[in-house]
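J.: File protein_22.json below, JSON, C-alpha atoms:
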[["chain", "number", "residue", "atom", "x", "y", "z"],
["A", 17, "MET", "CA", 10.07, 23.61, -0.40],
["A", 18, "TYR", "CA", 13.17, 21.65, 0.40],
["A", 19, "GLU", "CA", 14.17, 18.00, 0.63],
["A", 20, "ILE", "CA", 14.53, 16.45, 4.08],
["A", 21, "ASN", "CA", 15.70, 13.05, 5.27],
["A", 22, "GLY", "CA", 12.99, 10.44, 5.25],
["A", 23, "GLY", "CA", 10.28, 9.03, 3.09],
["A", 24, "ILE", "CA", 6.64, 8.09, 3.43],
["A", 25, "THR", "CA", 6.70, 8.32, 7.24],
["A", 26, "ALA", "CA", 8.16, 11.83, 7.37],
["A", 27, "PRO", "CA", 4.69, 13.36, 7.94],
["A", 28, "LYS", "CA", 3.51, 13.19, 11.54],
["A", 29, "GLY", "CA", 1.20, 10.28, 12.27],
["A", 30, "PHE", "CA", 2.32, 7.93, 9.48],
["A", 31, "LEU", "CA", 3.65, 4.42, 10.05],
["A", 32, "ALA", "CA", 4.97, 1.91, 7.54],
["A", 33, "THR", "CA", 6.70, -1.40, 7.10],
["A", 34, "GLY", "CA", 7.87, -3.78, 4.45],
["A", 35, "VAL", "CA", 8.07, -7.52, 5.03],
["A", 36, "SER", "CA", 8.90, -10.69, 3.15],
["A", 37, "CYS", "CA", 5.90, -13.00, 2.95],
["A", 38, "GLY", "CA", 7.30, -15.30, 0.26],
["A", 39, "LEU", "CA", 5.57, -14.07, -2.90],
["A", 40, "LYS", "CA", 8.87, -13.35, -4.64],
["A", 41, "GLY", "CA", 10.42, -16.60, -3.46],
["A", 42, "ASN", "CA", 13.87, -15.04, -2.95],
["A", 43, "GLY", "CA", 13.52, -13.72, 0.59],
["A", 44, "LYS", "CA", 13.24, -10.08, -0.53],
["A", 45, "LYS", "CA", 10.54, -7.86, 0.94],
["A", 46, "ASP", "CA", 7.30, -8.22, -1.02],
["A", 47, "LEU", "CA", 4.49, -6.76, 1.08],
["A", 48, "ALA", "CA", 4.28, -3.13, 2.18],
["A", 49, "LEU", "CA", 1.84, -1.48, 4.55],
["A", 50, "ILE", "CA", 1.53, 2.26, 5.06],
["A", 51, "ALA", "CA", -0.93, 3.53, 7.65],
["A", 52, "SER", "CA", -1.93, 6.82, 9.20],
["A", 53, "LYS", "CA", -3.07, 7.16, 12.78],
["A", 54, "SER", "CA", -6.22, 8.88, 11.55],
["A", 55, "PRO", "CA", -7.99, 8.90, 8.17],
["A", 56, "SER", "CA", -6.15, 11.06, 5.63],
["A", 57, "ALA", "CA", -7.36, 12.82, 2.51],
["A", 58, "VAL", "CA", -6.50, 10.81, -0.60],
["A", 59, "ALA", "CA", -6.57, 11.36, -4.34],
["A", 60, "GLY", "CA", -5.34, 9.25, -7.19],
["A", 61, "VAL", "CA", -4.55, 9.18, -10.86],
["A", 62, "CYS", "CA", -5.16, 5.75, -12.35],
["A", 63, "THR", "CA", -4.50, 4.12, -15.69],
["A", 64, "THR", "CA", -6.95, 4.72, -18.53],
["A", 65, "ASN", "CA", -6.36, 1.18, -19.81],
["A", 66, "ILE", "CA", -9.50, -0.90, -20.20],
["A", 67, "VAL", "CA", -7.74, -3.77, -18.43],
["A", 68, "LYS", "CA", -7.07, -2.87, -14.80],
["A", 69, "GLY", "CA", -5.67, -5.09, -12.07],
["A", 70, "HIS", "CA", -8.14, -6.30, -9.48],
["A", 71, "SER", "CA", -6.35, -4.52, -6.63],
["A", 72, "LEU", "CA", -6.51, -1.24, -8.56],
["A", 73, "GLN", "CA", -10.22, -1.72, -9.12],
["A", 74, "VAL", "CA", -10.77, -2.04, -5.36],
["A", 75, "THR", "CA", -8.65, 1.05, -4.73],
["A", 76, "MET", "CA", -10.57, 3.04, -7.34],
["A", 77, "GLU", "CA", -13.80, 2.13, -5.54],
["A", 78, "HIS", "CA", -12.46, 2.97, -2.06],
["A", 79, "ILE", "CA", -10.74, 6.20, -3.08],
["A", 80, "LYS", "CA", -14.10, 7.72, -4.05],
["A", 81, "LYS", "CA", -14.72, 8.31, -0.32],
["A", 82, "GLY", "CA", -11.83, 10.80, -0.34],
["A", 83, "TYR", "CA", -10.23, 9.40, 2.81],
["A", 84, "ALA", "CA", -8.14, 6.37, 3.68],
["A", 85, "LYS", "CA", -6.25, 5.08, 6.65],
["A", 86, "ALA", "CA", -3.97, 2.53, 5.00],
["A", 87, "ILE", "CA", -2.65, 1.04, 1.81],
["A", 88, "VAL", "CA", -1.45, -2.54, 1.57],
["A", 89, "ILE", "CA", 0.69, -3.41, -1.46],
["A", 90, "ASN", "CA", 2.17, -6.70, -2.56],
["A", 91, "SER", "CA", 4.90, -7.12, -5.16],
["A", 92, "GLY", "CA", 5.85, -10.11, -7.26],
["A", 93, "ASN", "CA", 2.26, -10.68, -8.42],
["A", 94, "ALA", "CA", 0.08, -8.09, -10.18],
["A", 95, "ASN", "CA", -3.25, -9.73, -9.24],
["A", 96, "ALA", "CA", -4.41, -8.91, -12.76],
["A", 97, "CYS", "CA", -6.28, -10.90, -15.40],
["A", 98, "VAL", "CA", -7.23, -13.75, -13.07],
["A", 99, "GLY", "CA", -11.01, -13.31, -13.07],
["A", 100, "GLU", "CA", -13.46, -13.14, -10.22],
["A", 101, "GLN", "CA", -11.02, -14.70, -7.74],
["A", 102, "GLY", "CA", -8.65, -11.76, -8.23],
["A", 103, "MET", "CA", -11.38, -9.37, -7.06],
["A", 104, "LYS", "CA", -12.16, -11.59, -4.09],
["A", 105, "ASP", "CA", -8.46, -11.67, -3.16],
["A", 106, "ALA", "CA", -8.11, -7.88, -3.43],
["A", 107, "TYR", "CA", -11.18, -7.38, -1.23],
["A", 108, "GLU", "CA", -9.83, -9.91, 1.26],
["A", 109, "MET", "CA", -6.54, -7.99, 1.47],
["A", 110, "ALA", "CA", -8.51, -4.83, 2.29],
["A", 111, "GLU", "CA", -10.82, -6.61, 4.74],
["A", 112, "LEU", "CA", -8.03, -8.31, 6.71],
["A", 113, "THR", "CA", -6.02, -5.09, 6.89],
["A", 114, "ALA", "CA", -9.08, -3.12, 8.03],
["A", 115, "GLN", "CA", -9.91, -5.72, 10.66],
["A", 116, "LEU", "CA", -6.37, -5.68, 12.08],
["A", 117, "LEU", "CA", -6.17, -1.86, 12.02],
["A", 118, "ASP", "CA", -9.72, -1.51, 13.38],
["A", 119, "CYS", "CA", -10.98, 0.75, 10.60],
["A", 120, "PRO", "CA", -13.69, 0.58, 7.92],
["A", 121, "VAL", "CA", -12.75, -1.60, 4.95],
["A", 122, "ASP", "CA", -13.27, 1.29, 2.53],
["A", 123, "ASN", "CA", -10.50, 3.14, 4.38],
["A", 124, "VAL", "CA", -7.98, 0.60, 3.04],
["A", 125, "LEU", "CA", -6.49, 0.91, -0.44],
["A", 126, "VAL", "CA", -4.89, -2.08, -2.16],
["A", 127, "GLY", "CA", -2.02, -2.35, -4.64],
["A", 128, "SER", "CA", -0.38, -5.24, -6.43],
["A", 129, "THR", "CA", 2.61, -5.15, -8.77],
["A", 130, "GLY", "CA", 4.46, -7.87, -10.58],
["A", 131, "VAL", "CA", 3.67, -10.78, -12.87],
["A", 132, "ILE", "CA", 0.30, -10.69, -14.64],
["A", 133, "GLY", "CA", -2.03, -13.68, -14.99],
["A", 134, "TYR", "CA", -1.28, -15.66, -11.83],
["A", 135, "ARG", "CA", -3.45, -15.85, -8.74],
["A", 136, "LEU", "CA", -2.15, -14.49, -5.47],
["A", 137, "ASN", "CA", -0.95, -17.00, -2.90],
["A", 138, "MET", "CA", -3.42, -15.81, -0.27],
["A", 139, "PRO", "CA", -2.05, -17.87, 2.66],
["A", 140, "LEU", "CA", 1.28, -16.05, 2.16],
["A", 141, "VAL", "CA", -0.47, -12.68, 1.73],
["A", 142, "ARG", "CA", -2.56, -13.18, 4.89],
["A", 143, "SER", "CA", 0.53, -14.05, 6.90],
["A", 144, "GLY", "CA", 2.36, -11.05, 5.44],
["A", 145, "ILE", "CA", -0.44, -8.66, 6.35],
["A", 146, "ARG", "CA", -0.50, -9.92, 9.93],
["A", 147, "THR", "CA", 3.29, -9.56, 10.19],
["A", 148, "ALA", "CA", 3.15, -6.11, 8.62],
["A", 149, "VAL", "CA", 0.49, -4.79, 10.99],
["A", 150, "ALA", "CA", 2.53, -6.03, 13.96],
["A", 151, "SER", "CA", 5.68, -4.32, 12.69],
["A", 152, "LEU", "CA", 4.32, -0.89, 11.68],
["A", 153, "SER", "CA", 6.78, 1.82, 12.70],
["A", 154, "PRO", "CA", 7.50, 5.50, 12.15],
["A", 155, "ASP", "CA", 10.90, 4.26, 10.90],
["A", 156, "GLY", "CA", 9.49, 1.72, 8.41],
["A", 157, "GLY", "CA", 9.24, 3.88, 5.30],
["A", 158, "HIS", "CA", 12.43, 2.59, 3.69],
["A", 159, "ASP", "CA", 11.33, -1.03, 4.23],
["A", 160, "ALA", "CA", 7.96, -0.26, 2.62],
["A", 161, "MET", "CA", 9.74, 1.30, -0.37],
["A", 162, "GLU", "CA", 11.89, -1.82, -0.76],
["A", 163, "ALA", "CA", 8.83, -4.08, -0.58],
["A", 164, "ILE", "CA", 7.16, -2.51, -3.63],
["A", 165, "MET", "CA", 10.23, -2.69, -5.86],
["A", 166, "THR", "CA", 9.90, -5.06, -8.80],
["A", 167, "THR", "CA", 12.21, -4.31, -11.73],
["A", 168, "ASP", "CA", 13.50, -1.05, -10.25],
["A", 169, "LEU", "CA", 17.27, -0.76, -10.36],
["A", 170, "VAL", "CA", 17.48, 1.95, -7.71],
["A", 171, "PRO", "CA", 15.32, 2.73, -4.69],
["A", 172, "LYS", "CA", 13.07, 5.78, -5.01],
["A", 173, "GLU", "CA", 11.90, 7.77, -2.01],
["A", 174, "ILE", "CA", 11.85, 11.41, -1.03],
["A", 175, "ALA", "CA", 10.46, 13.65, 1.68],
["A", 176, "VAL", "CA", 10.00, 17.40, 1.47],
["A", 177, "GLU", "CA", 9.05, 20.13, 3.90],
["A", 178, "LEU", "CA", 7.29, 23.36, 3.03],
["A", 179, "GLU", "CA", 5.16, 26.07, 4.54],
["A", 180, "ILE", "CA", 1.46, 26.37, 3.72],
["A", 181, "GLN", "CA", -0.56, 29.18, 5.32],
["A", 182, "ASP", "CA", 2.12, 29.76, 7.99],
["A", 183, "GLU", "CA", 2.17, 26.03, 8.84],
["A", 184, "VAL", "CA", 5.19, 23.79, 8.24],
["A", 185, "VAL", "CA", 4.09, 20.55, 6.57],
["A", 186, "ARG", "CA", 5.88, 17.44, 5.35]]
Would you write the structure of this file as structure tokens?
T.:
Amino acid sequence: MYEINGGITAPKGFLATGVSCGLKGNGKKDLALIASKSPSAVAGVCTTNIVKGHSLQVTMEHIKKGYAKAIVINSGNANACVGEQGMKDAYEMAELTAQLLDCPVDNVLVGSTGVIGYRLNMPLVRSGIRTAVASLSPDGGHDAMEAIMTTDLVPKEIAVELEIQDEVVR
């Protein structure tokens, strides 16, 4: 296995983007979308905390299928500890993304990171999702990485290539 240039879109068939929808209020990217051209096998390791963000709860439900086509992630707001509306907002993020990507809603995972205890500004999120779907690109991995940064001091992304059963994979 060796490191190659790239990030989340290094594997064939993956697209990504990161956009600013206004959640952070400073013009920085705050909504990421990563999508595959066909459903991909997924697995996850989630927190064991009793308190889980609403977006994570939706993802934990959807990931049980074992396949997903996209993940939509906002930063600046954790969508956690806001009650029933937080669940509705997380489901709406998945539903709108699925509608725009023409895939089943349970093929969309949802993530939210940031401040706890405040409701998502859904008009901004909806606009961001629409912009993100329209700007998906095989070159958008770095923008997606930037969009999920909260308190990170340095960007984190990597791509590797290796051979599995005589097949080169990324």
J.: Around all the atoms of range 142-146 of chain A listed in the file, draw an axis-aligned box and extend it by 4 Å on each of the six sides; I want its centre and edge lengths in Å to one decimal, as lines of an AutoDock Vina configuration file.
T.:
center_x = -0.1
center_y = -11.4
center_z = 7.4
size_x = 12.9
size_y = 13.4
size_z = 13.0
J.: Measuring atom to atom with all atoms listed in the file, identify which of A:Leu125, A:Ile174, A:Ala59, A:Ala106 is nearest to Met138 in chain A.
T.: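 Among A:Leu125, A:Ile174, A:Ala59, A:Ala106, it is A:Ala106 that comes nearest to Met138 in chain A.
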J.: Check the smallest atom-to-atom distance from each of A:Val126, A:Ile66, A:Ala150, A:Met17 to Ile89 in chain A using only C-alpha atoms, then report the winner.
T.: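 Checking each candidate against Ile89 in chain A, we get A:Val126 as the closest.
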J.: Which residues are near Val121 in chain A? Cut-off 8 Å, all atoms listed in the file, ignore same chain within fewer than 6 positions. Put them as a list of chain:residue names.
T.: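 In the requested format, the answer is A:Ala110, A:Glu111, A:Thr113, A:Ala114, A:Gln115.
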J.: Between A:Thr167, A:Asn65, A:Thr25, A:Ser52, single out the one closest to Val124 in chain A, counting only C-alpha atoms.
T.: A:Ser52
J.: Determine, counting only C-alpha atoms, every residue of protein, DNA or RNA that lies within 6 Å of (5.6, 17.7, 6.4) in the file coordinates, then give the result as a list of chain:residue names.
T.: A:Pro27, A:Glu177, A:Val185, A:Arg186
J.: Taking (-6.1, -10.8, -14.4) as a centre in this file's frame and 7 Å as the limit, can you find every polymer residue with an atom that close, using all atoms listed in the file, and give them as a list in words?
T.: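 In the file's frame, the residues around the point are Gly69, His70, Asn95, Ala96, Cys97, Val98, Gly99, Gly102, Ile132 and Gly133 of chain A.
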J.: Taking 4 positions as the minimum chain separation for residues in the same chain, which residues sit within 10 Å of Ser151 in chain A when counting all atoms listed in the file? Answer as number ranges by chain.
T.: A: 31-35, 49, 145-147, 156
J.: Expressed in Å to a single decimal, how great is the separation between CA of Gly60 in chain A and CA of Pro139 in chain A?
T.: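 It comes out at 29.0 Å.
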